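The file protein.txt contains compact mmCIF, C-alpha atoms:
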# COMPACT_ATOMS: atom_id res chain seq x y z
CA MET A 108 -19.42 11.04 -31.08
CA GLU A 109 -16.62 11.83 -33.47
CA GLN A 110 -14.80 8.49 -33.21
CA LYS A 111 -17.81 6.67 -34.66
CA PHE A 112 -16.66 7.77 -38.06
CA GLU A 113 -13.06 6.82 -37.45
CA VAL A 114 -13.37 3.45 -35.66
CA ARG A 115 -16.23 1.03 -36.34
CA ALA A 116 -18.69 0.03 -33.63
CA ILE A 117 -18.53 -3.54 -32.25
CA GLU A 118 -21.43 -5.90 -31.55
CA ASN A 119 -20.11 -7.50 -28.34
CA GLY A 120 -16.99 -6.83 -26.29
CA THR A 121 -15.10 -4.05 -24.54
CA VAL A 122 -14.44 -0.48 -25.62
CA ILE A 123 -11.70 1.38 -23.76
CA ASP A 124 -11.93 5.05 -24.58
CA HIS A 125 -10.23 8.31 -23.58
CA LEU A 126 -6.73 6.88 -23.35
CA PRO A 127 -3.88 9.39 -23.64
CA SER A 128 -2.28 8.96 -27.08
CA ASP A 129 1.12 8.15 -25.60
CA SER A 130 -0.29 5.36 -23.45
CA LEU A 131 -1.78 3.14 -26.16
CA PHE A 132 1.11 0.76 -26.65
CA LYS A 133 1.73 0.40 -22.91
CA ILE A 134 -1.90 -0.51 -22.40
CA ILE A 135 -1.83 -3.02 -25.25
CA TYR A 136 1.03 -4.67 -23.41
CA LEU A 137 -0.57 -4.34 -19.94
CA LEU A 138 -3.71 -6.13 -21.09
CA GLY A 139 -1.70 -8.76 -22.95
CA LEU A 140 -3.39 -7.81 -26.21
CA GLU A 141 -0.37 -8.56 -28.36
CA ASN A 142 -0.99 -12.28 -27.83
CA ASP A 143 -4.79 -12.08 -27.81
CA THR A 144 -6.57 -13.67 -30.77
CA HIS A 145 -9.83 -11.73 -30.45
CA ARG A 146 -10.61 -9.32 -33.26
CA MET A 147 -9.62 -5.84 -32.15
CA THR A 148 -9.27 -2.30 -33.37
CA PHE A 149 -6.83 0.30 -32.10
CA GLY A 150 -7.18 3.96 -32.89
CA ASN A 151 -4.57 6.51 -31.98
CA ASN A 152 -4.20 10.28 -32.24
CA LEU A 153 -7.94 10.58 -32.73
CA GLU A 154 -9.58 13.94 -32.17
CA SER A 155 -11.01 14.49 -28.71
CA LYS A 156 -12.77 17.59 -27.41
CA ARG A 157 -11.76 16.74 -23.87
CA MET A 158 -8.18 15.57 -24.40
CA GLY A 159 -6.98 17.11 -27.68
CA THR A 160 -5.96 13.71 -29.01
CA LYS A 161 -6.74 10.31 -27.61
CA ALA A 162 -6.49 6.61 -28.23
CA ILE A 163 -9.21 3.96 -28.22
CA ILE A 164 -9.21 0.17 -28.02
CA LYS A 165 -12.10 -2.05 -29.10
CA ILE A 166 -11.95 -5.77 -28.40
CA THR A 167 -14.62 -7.99 -29.91
CA ASP A 168 -16.07 -10.76 -27.70
CA ARG A 169 -13.69 -10.15 -24.78
CA PHE A 170 -15.16 -8.65 -21.62
CA CYS A 171 -12.40 -7.10 -19.53
CA GLN A 172 -12.49 -7.81 -15.80
CA GLN A 173 -12.20 -5.13 -13.14
CA ASP A 174 -8.65 -6.08 -12.06
CA GLU A 175 -7.47 -5.81 -15.66
CA ILE A 176 -9.15 -2.45 -15.99
CA ASN A 177 -7.53 -1.18 -12.81
CA ARG A 178 -4.08 -1.77 -14.27
CA ILE A 179 -4.91 0.89 -16.85
CA ALA A 180 -5.11 3.44 -14.02
CA LEU A 181 -1.31 3.72 -13.89
CA PHE A 182 -1.17 5.26 -17.36
CA ALA A 183 -4.73 6.37 -18.07
CA PRO A 184 -6.66 7.18 -14.90
CA MET A 185 -9.33 9.05 -16.91
CA ALA A 186 -10.08 6.15 -19.25
CA SER A 187 -13.66 5.01 -19.69
CA VAL A 188 -14.46 1.35 -20.16
CA ASN A 189 -17.71 0.26 -21.75
CA ILE A 190 -18.98 -3.29 -21.99
CA ILE A 191 -20.95 -3.73 -25.20
CA ARG A 192 -23.64 -6.30 -25.93
CA ASP A 193 -25.67 -6.22 -29.10
CA PHE A 194 -24.17 -2.84 -30.09
CA LYS A 195 -25.35 -1.28 -26.81
CA VAL A 196 -23.42 -0.13 -23.76
CA VAL A 197 -24.68 -2.47 -21.04
CA GLU A 198 -22.14 -1.52 -18.40
CA LYS A 199 -19.75 1.36 -17.74
CA ARG A 200 -16.80 0.33 -15.64
CA GLN A 201 -14.80 2.88 -13.70
CA VAL A 202 -11.04 2.68 -13.63
CA GLU A 203 -10.03 2.41 -9.97
CA VAL A 204 -6.50 2.97 -8.77
CA PRO A 205 -5.40 -0.36 -7.23
CA ARG A 206 -3.78 -0.41 -3.77
CA THR A 207 -0.96 -2.71 -4.80
CA ILE A 208 0.66 -3.55 -8.11
CA GLU A 209 2.51 -6.79 -8.68
CA GLY A 210 4.79 -7.88 -11.43
CA PHE A 211 4.32 -5.69 -14.46
CA VAL A 212 6.01 -2.38 -13.63
CA LYS A 213 9.77 -2.04 -13.14
CA CYS A 214 11.24 -0.34 -10.08
CA ALA A 215 13.00 2.85 -11.24
CA ASN A 216 15.87 2.32 -8.78
CA PRO A 217 18.69 0.58 -10.67
CA LYS A 218 20.18 -0.59 -7.35
CA CYS A 219 16.95 -2.38 -6.37
CA ILE A 220 17.11 -6.17 -5.96
CA THR A 221 14.22 -6.51 -8.48
CA ASN A 222 16.53 -5.11 -11.17
CA VAL A 223 19.41 -7.40 -10.21
CA GLU A 224 17.84 -10.78 -9.42
CA PRO A 225 14.74 -12.34 -11.00
CA VAL A 226 12.39 -11.05 -8.27
CA LYS A 227 8.77 -10.16 -9.07
CA THR A 228 8.22 -6.45 -8.44
CA SER A 229 5.67 -5.37 -5.85
CA PHE A 230 4.50 -1.85 -5.05
CA THR A 231 2.09 0.04 -2.85
CA VAL A 232 0.26 2.65 -4.90
CA GLN A 233 0.20 6.24 -3.63
CA GLU A 234 -1.97 8.99 -5.06
CA THR A 235 -1.10 12.62 -4.33
CA ASP A 236 -2.79 15.47 -6.20
CA GLY A 237 -3.95 13.11 -8.96
CA GLU A 238 -0.39 11.89 -9.55
CA ILE A 239 0.21 8.20 -9.07
CA SER A 240 3.47 6.91 -7.66
CA LEU A 241 4.61 3.44 -6.63
CA VAL A 242 6.57 2.59 -3.46
CA CYS A 243 8.70 -0.53 -3.89
CA LYS A 244 8.21 -3.27 -1.32
CA TYR A 245 11.91 -4.14 -1.53
CA CYS A 246 14.04 -1.00 -1.81
CA GLU A 247 11.27 1.33 -0.46
CA LYS A 248 12.07 3.88 -3.19
CA THR A 249 9.33 5.71 -5.08
CA THR A 250 8.77 5.28 -8.80
CA HIS A 251 6.92 8.29 -10.22
CA GLN A 252 4.44 8.17 -13.06
CA ASP A 253 6.80 9.70 -15.63
CA ASN A 254 9.39 7.04 -14.78
CA MET A 255 7.19 3.95 -15.01
CA LYS A 256 8.43 1.29 -17.36
CA LEU A 257 6.90 -2.09 -17.91
CA VAL A 258 8.65 -5.34 -17.10
CA LYS A 259 9.61 -6.95 -20.40
CA MET B 59 5.15 -15.69 17.46
CA GLY B 60 5.80 -16.83 13.86
CA LYS B 61 8.98 -15.96 12.05
CA LYS B 62 9.58 -12.22 12.27
CA ASN B 63 12.23 -10.26 10.37
CA LEU B 64 13.68 -6.83 11.02
CA VAL B 65 14.28 -5.39 7.57
CA SER B 66 12.98 -1.85 7.89
CA ILE B 67 12.33 0.30 10.93
CA ASN B 68 8.72 0.39 9.71
CA ASP B 69 8.47 -3.34 10.50
CA PHE B 70 8.34 -2.43 14.20
CA THR B 71 5.37 -0.81 15.90
CA ARG B 72 5.70 1.87 18.55
CA GLU B 73 5.23 -0.83 21.20
CA GLU B 74 7.95 -3.01 19.70
CA ILE B 75 10.37 -0.07 19.59
CA ILE B 76 9.70 0.58 23.27
CA LYS B 77 10.12 -3.14 23.99
CA ILE B 78 13.56 -3.15 22.28
CA THR B 79 14.76 -0.18 24.35
CA GLU B 80 13.57 -1.92 27.54
CA LEU B 81 15.32 -5.15 26.61
CA ALA B 82 18.50 -3.23 25.72
CA ALA B 83 18.46 -1.69 29.20
CA ARG B 84 18.12 -5.18 30.73
CA PHE B 85 21.08 -6.46 28.71
CA GLU B 86 23.11 -3.44 29.66
CA ALA B 87 22.46 -4.20 33.34
CA ASP B 88 23.52 -7.82 32.80
CA PRO B 89 25.29 -8.35 29.45
CA HIS B 90 26.24 -12.00 30.03
CA GLN B 91 22.83 -13.69 30.06
CA GLN B 92 23.31 -16.89 28.06
CA VAL B 93 19.99 -16.60 26.21
CA LEU B 94 21.55 -17.51 22.85
CA ALA B 95 23.31 -20.66 24.10
CA GLY B 96 22.96 -23.38 21.45
CA LYS B 97 22.01 -20.91 18.71
CA VAL B 98 23.97 -20.50 15.50
CA ILE B 99 23.66 -17.12 13.81
CA ALA B 100 24.88 -16.44 10.28
CA SER B 101 26.58 -13.10 9.80
CA LEU B 102 26.56 -12.48 6.05
CA PHE B 103 28.39 -9.35 4.95
CA PHE B 104 28.10 -9.11 1.18
CA GLU B 105 29.61 -5.67 1.64
CA PRO B 106 32.32 -5.04 4.23
CA SER B 107 31.31 -3.09 7.34
CA THR B 108 33.69 -3.76 10.17
CA ARG B 109 31.91 -1.65 12.77
CA THR B 110 28.42 -3.07 12.27
CA ARG B 111 29.65 -6.64 11.87
CA LEU B 112 31.74 -6.59 15.03
CA SER B 113 28.92 -4.97 17.00
CA PHE B 114 26.49 -7.74 15.99
CA GLU B 115 29.04 -10.49 16.54
CA SER B 116 29.99 -9.06 19.93
CA ALA B 117 26.31 -9.04 20.92
CA ILE B 118 25.88 -12.68 19.84
CA ASN B 119 29.06 -13.84 21.58
CA HIS B 120 28.21 -12.11 24.85
CA LEU B 121 24.88 -13.94 24.93
CA GLY B 122 26.45 -17.36 24.31
CA GLY B 123 25.52 -17.75 20.64
CA ARG B 124 27.83 -18.97 17.87
CA VAL B 125 28.56 -17.03 14.69
CA ILE B 126 29.15 -18.43 11.20
CA GLY B 127 29.50 -16.33 8.07
CA PHE B 128 31.70 -14.16 5.93
CA SER B 129 32.84 -10.55 5.91
CA GLU B 130 33.19 -10.18 2.14
CA VAL B 131 31.97 -12.13 -0.90
CA SER B 132 35.25 -12.87 -2.64
CA ASN B 133 35.54 -16.39 -1.19
CA THR B 134 31.87 -17.41 -1.37
CA SER B 135 29.86 -19.23 -4.06
CA LEU B 136 28.51 -15.85 -5.17
CA SER B 137 31.89 -15.24 -6.75
CA LYS B 138 31.23 -18.46 -8.72
CA GLY B 139 27.98 -16.98 -10.04
CA GLU B 140 25.48 -18.47 -7.59
CA THR B 141 22.29 -16.42 -7.28
CA PHE B 142 21.50 -14.55 -4.09
CA HIS B 143 18.32 -16.63 -3.86
CA ASP B 144 20.25 -19.90 -3.72
CA THR B 145 22.83 -18.58 -1.26
CA ILE B 146 20.15 -17.48 1.20
CA THR B 147 18.05 -20.62 0.78
CA THR B 148 21.07 -22.78 1.54
CA ILE B 149 22.45 -20.79 4.46
CA SER B 150 19.06 -20.51 6.12
CA ASN B 151 19.22 -24.29 6.54
CA TYR B 152 22.44 -23.98 8.54
CA CYS B 153 21.41 -21.47 11.21
CA ASP B 154 18.78 -20.03 13.53
CA MET B 155 18.99 -16.46 12.22
CA ILE B 156 20.60 -14.46 9.42
CA VAL B 157 22.16 -11.04 10.02
CA MET B 158 23.05 -9.52 6.66
CA ARG B 159 24.54 -6.44 5.01
CA HIS B 160 24.21 -6.05 1.25
CA TYR B 161 24.97 -3.28 -1.24
CA ILE B 162 21.77 -4.01 -3.20
CA GLU B 163 18.68 -2.20 -1.93
CA GLY B 164 15.81 -4.53 -1.01
CA ALA B 165 18.13 -7.54 -0.70
CA ALA B 166 17.21 -8.01 2.95
CA ARG B 167 13.45 -7.86 2.28
CA TYR B 168 13.88 -10.48 -0.41
CA ALA B 169 16.06 -12.63 1.86
CA GLY B 170 13.35 -12.40 4.52
CA GLU B 171 10.86 -13.87 2.05
CA ILE B 172 13.14 -16.74 1.04
CA SER B 173 14.71 -17.60 4.39
CA ARG B 174 13.35 -20.24 6.74
CA VAL B 175 14.81 -18.33 9.71
CA PRO B 176 14.46 -14.65 10.78
CA VAL B 177 16.49 -12.07 8.86
CA VAL B 178 17.97 -8.93 10.42
CA ASN B 179 18.97 -6.22 7.98
CA ALA B 180 22.37 -4.79 8.88
CA GLY B 181 22.13 -2.30 6.00
CA ASP B 182 20.93 -2.64 2.39
CA GLY B 183 22.63 0.00 0.24
CA ALA B 184 21.17 3.45 0.76
CA ASN B 185 17.89 2.00 2.03
CA GLN B 186 17.54 0.82 5.64
CA HIS B 187 19.74 0.10 8.63
CA PRO B 188 17.18 -0.48 11.39
CA SER B 189 19.55 -1.62 14.14
CA GLN B 190 21.29 1.77 13.83
CA THR B 191 17.93 3.50 14.24
CA LEU B 192 17.06 1.41 17.28
CA LEU B 193 20.40 2.11 18.93
CA ASP B 194 19.86 5.82 18.24
CA LEU B 195 16.49 5.53 19.96
CA TYR B 196 17.97 3.65 22.88
CA SER B 197 20.59 6.39 23.21
CA ILE B 198 17.86 9.04 23.21
CA LYS B 199 15.85 7.14 25.82
CA LYS B 200 18.92 6.64 28.01
CA THR B 201 20.07 10.26 27.88
CA GLN B 202 16.68 11.96 28.04
CA GLY B 203 14.75 9.42 30.11
CA ARG B 204 12.02 9.27 27.47
CA LEU B 205 11.30 8.93 23.76
CA ASP B 206 8.24 11.20 23.72
CA ASP B 207 8.30 14.94 22.98
CA ILE B 208 11.97 15.10 21.98
CA ASN B 209 13.27 18.24 20.28
CA ILE B 210 15.86 17.03 17.78
CA THR B 211 18.13 18.97 15.42
CA MET B 212 19.53 17.01 12.48
CA ILE B 213 22.62 18.45 10.80
CA GLY B 214 24.52 17.70 7.59
CA ASP B 215 23.54 15.46 4.71
CA LEU B 216 19.79 15.15 5.18
CA LYS B 217 19.17 14.23 1.56
CA TYR B 218 21.08 10.97 1.21
CA GLY B 219 21.64 10.08 4.86
CA ARG B 220 19.62 6.94 5.47
CA THR B 221 20.13 7.15 9.25
CA VAL B 222 18.28 10.46 9.50
CA HIS B 223 15.41 9.20 7.34
CA SER B 224 14.93 6.05 9.40
CA LEU B 225 15.24 7.96 12.67
CA LEU B 226 12.66 10.47 11.45
CA GLN B 227 10.24 7.63 10.63
CA ALA B 228 10.81 5.92 13.97
CA LEU B 229 10.49 9.10 16.05
CA SER B 230 7.22 9.92 14.29
CA HIS B 231 5.56 7.55 16.81
CA PHE B 232 6.70 9.78 19.71
CA ASN B 233 5.50 13.34 19.03
CA PRO B 234 8.90 14.91 18.21
CA THR B 235 9.84 18.40 17.01
CA PHE B 236 12.43 18.51 14.23
CA THR B 237 14.91 21.14 13.09
CA PHE B 238 16.78 20.38 9.88
CA VAL B 239 20.13 22.08 9.24
CA ALA B 240 21.53 21.44 5.75
CA PRO B 241 22.80 23.20 2.64
CA ASP B 242 20.20 23.56 -0.13
CA GLU B 243 21.89 20.72 -2.04
CA LEU B 244 21.41 18.30 0.86
CA LYS B 245 18.02 19.32 2.26
CA MET B 246 15.54 16.85 3.72
CA PRO B 247 13.65 15.36 0.71
CA GLU B 248 10.07 16.47 0.07
CA GLU B 249 8.64 12.99 0.61
CA TYR B 250 9.81 12.98 4.25
CA LYS B 251 8.48 16.50 4.84
CA ARG B 252 5.14 15.42 3.37
CA PHE B 253 5.21 12.42 5.71
CA LEU B 254 5.69 14.76 8.71
CA ASP B 255 2.93 17.07 7.44
CA SER B 256 0.57 14.12 7.14
CA LYS B 257 1.23 13.21 10.79
CA GLY B 258 1.05 16.83 11.99
CA ILE B 259 4.66 16.77 13.24
CA PRO B 260 6.31 20.23 13.35
CA TYR B 261 9.66 20.95 11.70
CA THR B 262 11.74 23.94 10.68
CA GLU B 263 14.53 24.17 8.13
CA THR B 264 17.61 26.35 8.26
CA ARG B 265 21.10 26.57 6.79
CA GLU B 266 22.83 27.63 10.02
CA ILE B 267 23.82 25.46 13.00
CA LEU B 268 23.42 28.43 15.36
CA PRO B 269 20.98 29.08 16.92
CA ALA B 270 19.27 25.88 15.67
CA ILE B 271 20.94 23.71 18.34
CA ASN B 272 20.05 25.89 21.32
CA ASP B 273 16.58 24.42 21.96
CA ALA B 274 17.55 20.85 21.09
CA ASP B 275 17.47 17.84 23.40
CA ILE B 276 19.34 15.84 20.78
CA VAL B 277 21.73 17.08 18.09
CA TYR B 278 22.10 14.41 15.43
CA MET B 279 25.20 14.99 13.28
CA THR B 280 25.83 13.28 9.93
CA ARG B 281 28.74 13.16 7.56
CA VAL B 282 28.70 15.30 4.41
CA GLN B 283 30.12 12.89 1.86
CA ARG B 284 32.45 13.98 -0.90
CA GLU B 285 30.80 11.71 -3.49
CA ARG B 286 27.49 13.60 -3.16
CA PHE B 287 28.98 16.68 -4.82
CA SER B 288 29.69 17.03 -8.52
CA ASP B 289 31.84 20.09 -7.84
CA PRO B 290 34.82 19.36 -5.53
CA MET B 291 35.14 23.05 -4.62
CA GLU B 292 31.54 23.07 -3.50
CA TYR B 293 32.30 20.09 -1.26
CA GLU B 294 35.31 21.82 0.29
CA ARG B 295 33.15 24.84 1.07
CA MET B 296 30.24 22.78 2.49
CA LYS B 297 32.23 20.47 4.68
CA ASN B 298 33.61 23.44 6.59
CA VAL B 299 30.20 25.02 7.11
CA TYR B 300 28.72 22.02 8.88
CA VAL B 301 31.33 21.49 11.56
CA LEU B 302 30.30 21.40 15.21
CA LYS B 303 32.82 23.05 17.55
CA ASN B 304 32.95 23.14 21.31
CA ASP B 305 32.39 26.91 21.61
CA MET B 306 29.13 26.54 19.69
CA LEU B 307 27.68 24.48 22.56
CA GLN B 308 27.64 27.34 25.09
CA GLY B 309 23.98 28.23 24.59
CA THR B 310 22.70 24.65 24.46
CA LYS B 311 20.49 22.98 27.06
CA PRO B 312 22.18 21.04 29.91
CA ASN B 313 20.38 17.81 28.94
CA MET B 314 21.41 18.10 25.29
CA ARG B 315 23.46 15.22 23.88
CA ILE B 316 25.23 14.92 20.53
CA LEU B 317 24.72 11.73 18.51
CA HIS B 318 26.51 10.63 15.35
CA PRO B 319 26.18 7.27 13.54
CA LEU B 320 30.00 7.34 12.93
CA PRO B 321 32.44 7.23 11.28
CA ARG B 322 32.94 10.98 11.49
CA VAL B 323 35.33 12.70 9.15
CA GLY B 324 35.61 16.33 10.19
CA GLU B 325 32.07 17.37 11.06
CA ILE B 326 32.61 17.19 14.82
CA ASP B 327 35.74 18.96 15.95
CA PRO B 328 37.84 16.79 18.33
CA ASP B 329 37.55 19.60 20.91
CA VAL B 330 33.92 18.52 21.39
CA ASP B 331 34.92 15.01 22.48
CA SER B 332 35.72 15.99 26.06
CA ASN B 333 32.46 17.93 26.48
CA PRO B 334 29.97 15.87 28.55
CA LYS B 335 27.37 16.59 25.86
CA ALA B 336 29.34 14.47 23.37
CA TYR B 337 27.66 11.08 23.38
CA TYR B 338 28.70 9.44 20.10
CA PHE B 339 31.16 6.98 21.61
CA GLN B 340 28.76 5.78 24.33
CA GLN B 341 26.27 5.48 21.48
CA THR B 342 28.41 2.72 19.90
CA GLU B 343 28.37 0.78 23.17
CA ASN B 344 24.59 1.12 23.23
CA GLY B 345 24.66 -0.53 19.80
CA VAL B 346 25.81 -3.81 21.30
CA TYR B 347 22.98 -3.88 23.90
CA THR B 348 20.44 -2.87 21.26
CA ARG B 349 21.57 -5.69 18.96
CA MET B 350 21.34 -8.15 21.85
CA ALA B 351 17.77 -6.95 22.31
CA ILE B 352 16.85 -7.23 18.62
CA ILE B 353 18.26 -10.75 18.19
CA SER B 354 16.74 -12.07 21.42
CA TYR B 355 13.38 -10.52 20.67
CA LEU B 356 13.18 -11.93 17.13
CA LEU B 357 14.27 -15.38 18.28
CA GLY B 358 11.69 -15.28 21.03
CA VAL B 359 14.22 -16.20 23.75
CA VAL B 360 13.31 -13.34 26.10
CA LYS B 361 10.01 -12.30 27.64
Please lay out the structure from this file as structure tokens.
Amino acid sequence: MEQKFEVRAIENGTVIDHLPSDSLFKIIYLLGLENDTHRMTFGNNLESKRMGTKAIIKITDRFCQQDEINRIALFAPMASVNIIRDFKVVEKRQVEVPRTIEGFVKCANPKCITNVEPVKTSFTVQETDGEISLVCKYCEKTTHQDNMKLVK
Amino acid sequence: MGKKNLVSINDFTREEIIKITELAARFEADPHQQVLAGKVIASLFFEPSTRTRLSFESAINHLGGRVIGFSEVSNTSLSKGETFHDTITTISNYCDMIVMRHYIEGAARYAGEISRVPVVNAGDGANQHPSQTLLDLYSIKKTQGRLDDINITMIGDLKYGRTVHSLLQALSHFNPTFTFVAPDELKMPEEYKRFLDSKGIPYTETREILPAINDADIVYMTRVQRERFSDPMEYERMKNVYVLKNDMLQGTKPNMRILHPLPRVGEIDPDVDSNPKAYYFQQTENGVYTRMAIISYLLGVVK
């Protein structure tokens, strides 16, 4: 594996691999890593046979839960998540597209109540032809993948 | 029944839609049943809409209910900077139901979550206006004797017109056949066509009114709005293409009726008004009975 030479292996924790290069910073935010005190390594624009370039995240001693992993699906549905113990992959977790998304993605409709009042966003997730889109519970408008912005 | 709101036409099942049309017919037969006696209903119009507001308030008054509220926000606490959340929380403590119109999309859904009492959406921006959809359905039922298997031709602004989108969603319970007549710029959006495909509902698209209206049971006209066009010359050209005239109705079916959510601007020539197939003014009367039905049903005061 080519990234072995670029990013060091970890003893225990979570390795999130095969992230699109342009998704890395969104995923750091989605998983709340900017305030996380675990030791972690981010690699970006690494070579990938499958993807051209990719990003990777390694978090020492933190074992990501399935609901956290599913959030990644919005930006990196092809990501692979490995749980590492004693330098070995003990579990491969699949990214599953969640049915609903609450609170961390903005509705793309500027006239939506969630962009006017402090209302927590809430969406039903739709998947058509591998493309993910979100239907707002409030304004019922669709936010497409290329329009998804995170709530700051 | 716990608290139930009517925010989107999708909040009602097929059975509930049928129930509303049956109740509307009962209120039409006897519009002075005092089923709302002792009830106070807040009519909150954050955006002016004379027609819709008066229709709701007429419905409430006929049934013996009392109305409180406002028809514009300039003299409310909102103009002092109060949040929408606080306004709704407070007012829901004063009344048995809230009927509201707001320019912000999703405002009614949010109000329904905050409010202690049922919320009826009387229009939230370009999103939903379910009482309009239900009165359209009642008008279809009344004129055709059924809701099932209706052949309906929708004409005009099918891209931005919320009434056609909601009516399409509601009719999807009743095995309809659709014909869409619109300029390329104002065609039915893909997401609604995909929705019809997913339910196996047939539709055709065309740019010409004739012969698209000849097989129709219902012709649903909409207004082509000037603000939808970036090029004013394009608007002038379009608005004259999608005008229904009396002589165009010669080949239409005897049971065909023309509906329009109103106000119309020029898309139905006044020479159509005297044709018995013109139904858009009776449609507004049906709106009062339909709103009686909606309010009574949500308050649980009728069986």
Assuming 8 Å of padding per side, give the centre and edge lengths of the axis-aligned box around every listed atom of stretch 235-251 of chain A, in Å to one decimal and as lines of an AutoDock Vina configuration file.
center_x = 5.0
center_y = 5.7
center_z = -5.3
size_x = 34.0
size_y = 35.6
size_z = 25.8
Distance in Å - atom CA of A:Glu234 versus atom CA of A:Asn254: 15.1 Å
B:Lys199: which residues within 10 Å, counting only C-alpha atoms, same-chain residues fewer than 6 positions away excluded, as a compact mmCIF listing (two decimals) with C-alpha atoms, in the frame of the given file?
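Result went into out00.txt, see below:
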# COMPACT_ATOMS: atom_id res chain seq x y z
CA ILE B 76 9.70 0.58 23.27
CA THR B 79 14.76 -0.18 24.35
CA GLU B 80 13.57 -1.92 27.54
CA ALA B 83 18.46 -1.69 29.20
CA LEU B 193 20.40 2.11 18.93
CA LEU B 205 11.30 8.93 23.76
CA ASP B 206 8.24 11.20 23.72
CA ILE B 208 11.97 15.10 21.98
Using only C-alpha atoms, tabulate the residues of chain B lying at most 12 Å from any atom of chain A, each with its closest atom pair and that distance in Å to one decimal, by chain and increasing residue number, as a tab-separated table.
residue	atom	partner	partner_atom	distance
B:Val65	CA	A:Tyr245	CA	9.5
B:Ser66	CA	A:Glu247	CA	9.1
B:Ile67	CA	A:Glu247	CA	11.5
B:Asn68	CA	A:Glu247	CA	10.5
B:Asp69	CA	A:Lys244	CA	11.8
B:Gly139	CA	A:Glu224	CA	11.9
B:Glu140	CA	A:Glu224	CA	11.0
B:Thr141	CA	A:Glu224	CA	7.5
B:Phe142	CA	A:Glu224	CA	7.5
B:His143	CA	A:Glu224	CA	8.1
B:Asp144	CA	A:Glu224	CA	11.0
B:His160	CA	A:Ile220	CA	10.1
B:Tyr161	CA	A:Lys218	CA	8.2
B:Ile162	CA	A:Lys218	CA	5.6
B:Glu163	CA	A:Cys219	CA	4.8
B:Gly164	CA	A:Tyr245	CA	4.0
B:Ala165	CA	A:Ile220	CA	5.5
B:Ala166	CA	A:Tyr245	CA	7.9
B:Arg167	CA	A:Tyr245	CA	5.5
B:Tyr168	CA	A:Tyr245	CA	6.7
B:Ala169	CA	A:Tyr245	CA	10.0
B:Gly170	CA	A:Tyr245	CA	10.3
B:Glu171	CA	A:Tyr245	CA	10.4
B:Ile172	CA	A:Val226	CA	10.9
B:Gly181	CA	A:Cys246	CA	11.3
B:Asp182	CA	A:Cys246	CA	8.2
B:Gly183	CA	A:Lys218	CA	8.0
B:Ala184	CA	A:Cys246	CA	8.8
B:Asn185	CA	A:Cys246	CA	6.2
B:Gln186	CA	A:Cys246	CA	8.4
B:His187	CA	A:Cys246	CA	11.9
B:Arg220	CA	A:Glu247	CA	11.7
B:His223	CA	A:Glu247	CA	11.8
B:Ser224	CA	A:Glu247	CA	11.5
B:Glu248	CA	A:Thr249	CA	12.0
B:Glu249	CA	A:Thr249	CA	9.3
B:Tyr250	CA	A:Thr249	CA	11.8
B:Arg252	CA	A:Thr235	CA	10.3
B:Phe253	CA	A:Thr235	CA	11.9
B:Ser256	CA	A:Thr235	CA	11.7
Nearest residue to B:Ile213 from the set B:Thr264, B:Asn233, B:Ser197, B:Thr110 (distances using only C-alpha atoms):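 Nearest candidate to B:Ile213 out of B:Thr264, B:Asn233, B:Ser197, B:Thr110: B:Thr264.
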Spatial neighbours of B:Asp273, 10 Å, all atoms listed in the file, chain gap at least 5 places, as a list of chain:residue names: B:Asn209, B:Ile210, B:Thr211, B:Thr237, B:Gly309, B:Thr310, B:Lys311, B:Met314
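The space separating atom CA of B:Asp194 from atom CA of B:Val177 comes to 20.5 Å.
Taking atom CA of B:Pro176 as the reference point, atom CA of B:Thr147 is found at 12.2 Å.
The smallest atom-to-atom distance between B:Val222 and any of B:Leu317, B:Val359, B:Val131, B:Val299, using all atoms listed in the file, is found for B:Leu317.
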Near-A:Ile191 list (8 Å; all atoms listed in the file; drop same-chain fewer than 2 positions) as a PyMOL selection string: chain A and resi 117-122+189+193-198
Top pick for closest residue to A:Gln252, considering A:Tyr136, A:Phe170, A:Phe182, A:Phe149 and counting only C-alpha atoms: A:Phe182
Contacts of A:Val242 within 9 Å, all atoms listed in the file, excl. fewer than 6 positions in-chain, as a list of chain:residue names: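 After dropping sequence-adjacent residues, the list is A:Cys214, A:Ser229, A:Phe230, A:Thr231, A:Val232, A:Gln233, A:Lys248, A:Thr249, A:Thr250, A:His251.
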Cut-off 12 Å around (27.6, -3.5, 11.2) with only C-alpha atoms: residues as a ChimeraX atom specification: /B:101-117,129,157-160,178-182,187-190,193,319-321,342,345-346,349
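Using only C-alpha atoms for every distance, the candidate list A:Glu175, A:Glu203, A:Asp124, A:Asp253 yields A:Glu175 as the residue closest to A:Leu140.
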From B:Ser135, B:Thr191, B:Gln202, B:Gln340, residue lying nearest B:Gln227 [only C-alpha atoms]: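 Closest candidate: B:Thr191.
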Which residue of B:Thr221, B:Lys257, B:Gly60, B:Glu243 approaches B:Asp289 most closely, using all atoms listed in the file: B:Glu243
Shell around B:Asp329 at 12 Å using all atoms listed in the file, local window under 2 positions removed, as number ranges by chain: B: 301-307, 324-327, 331-336
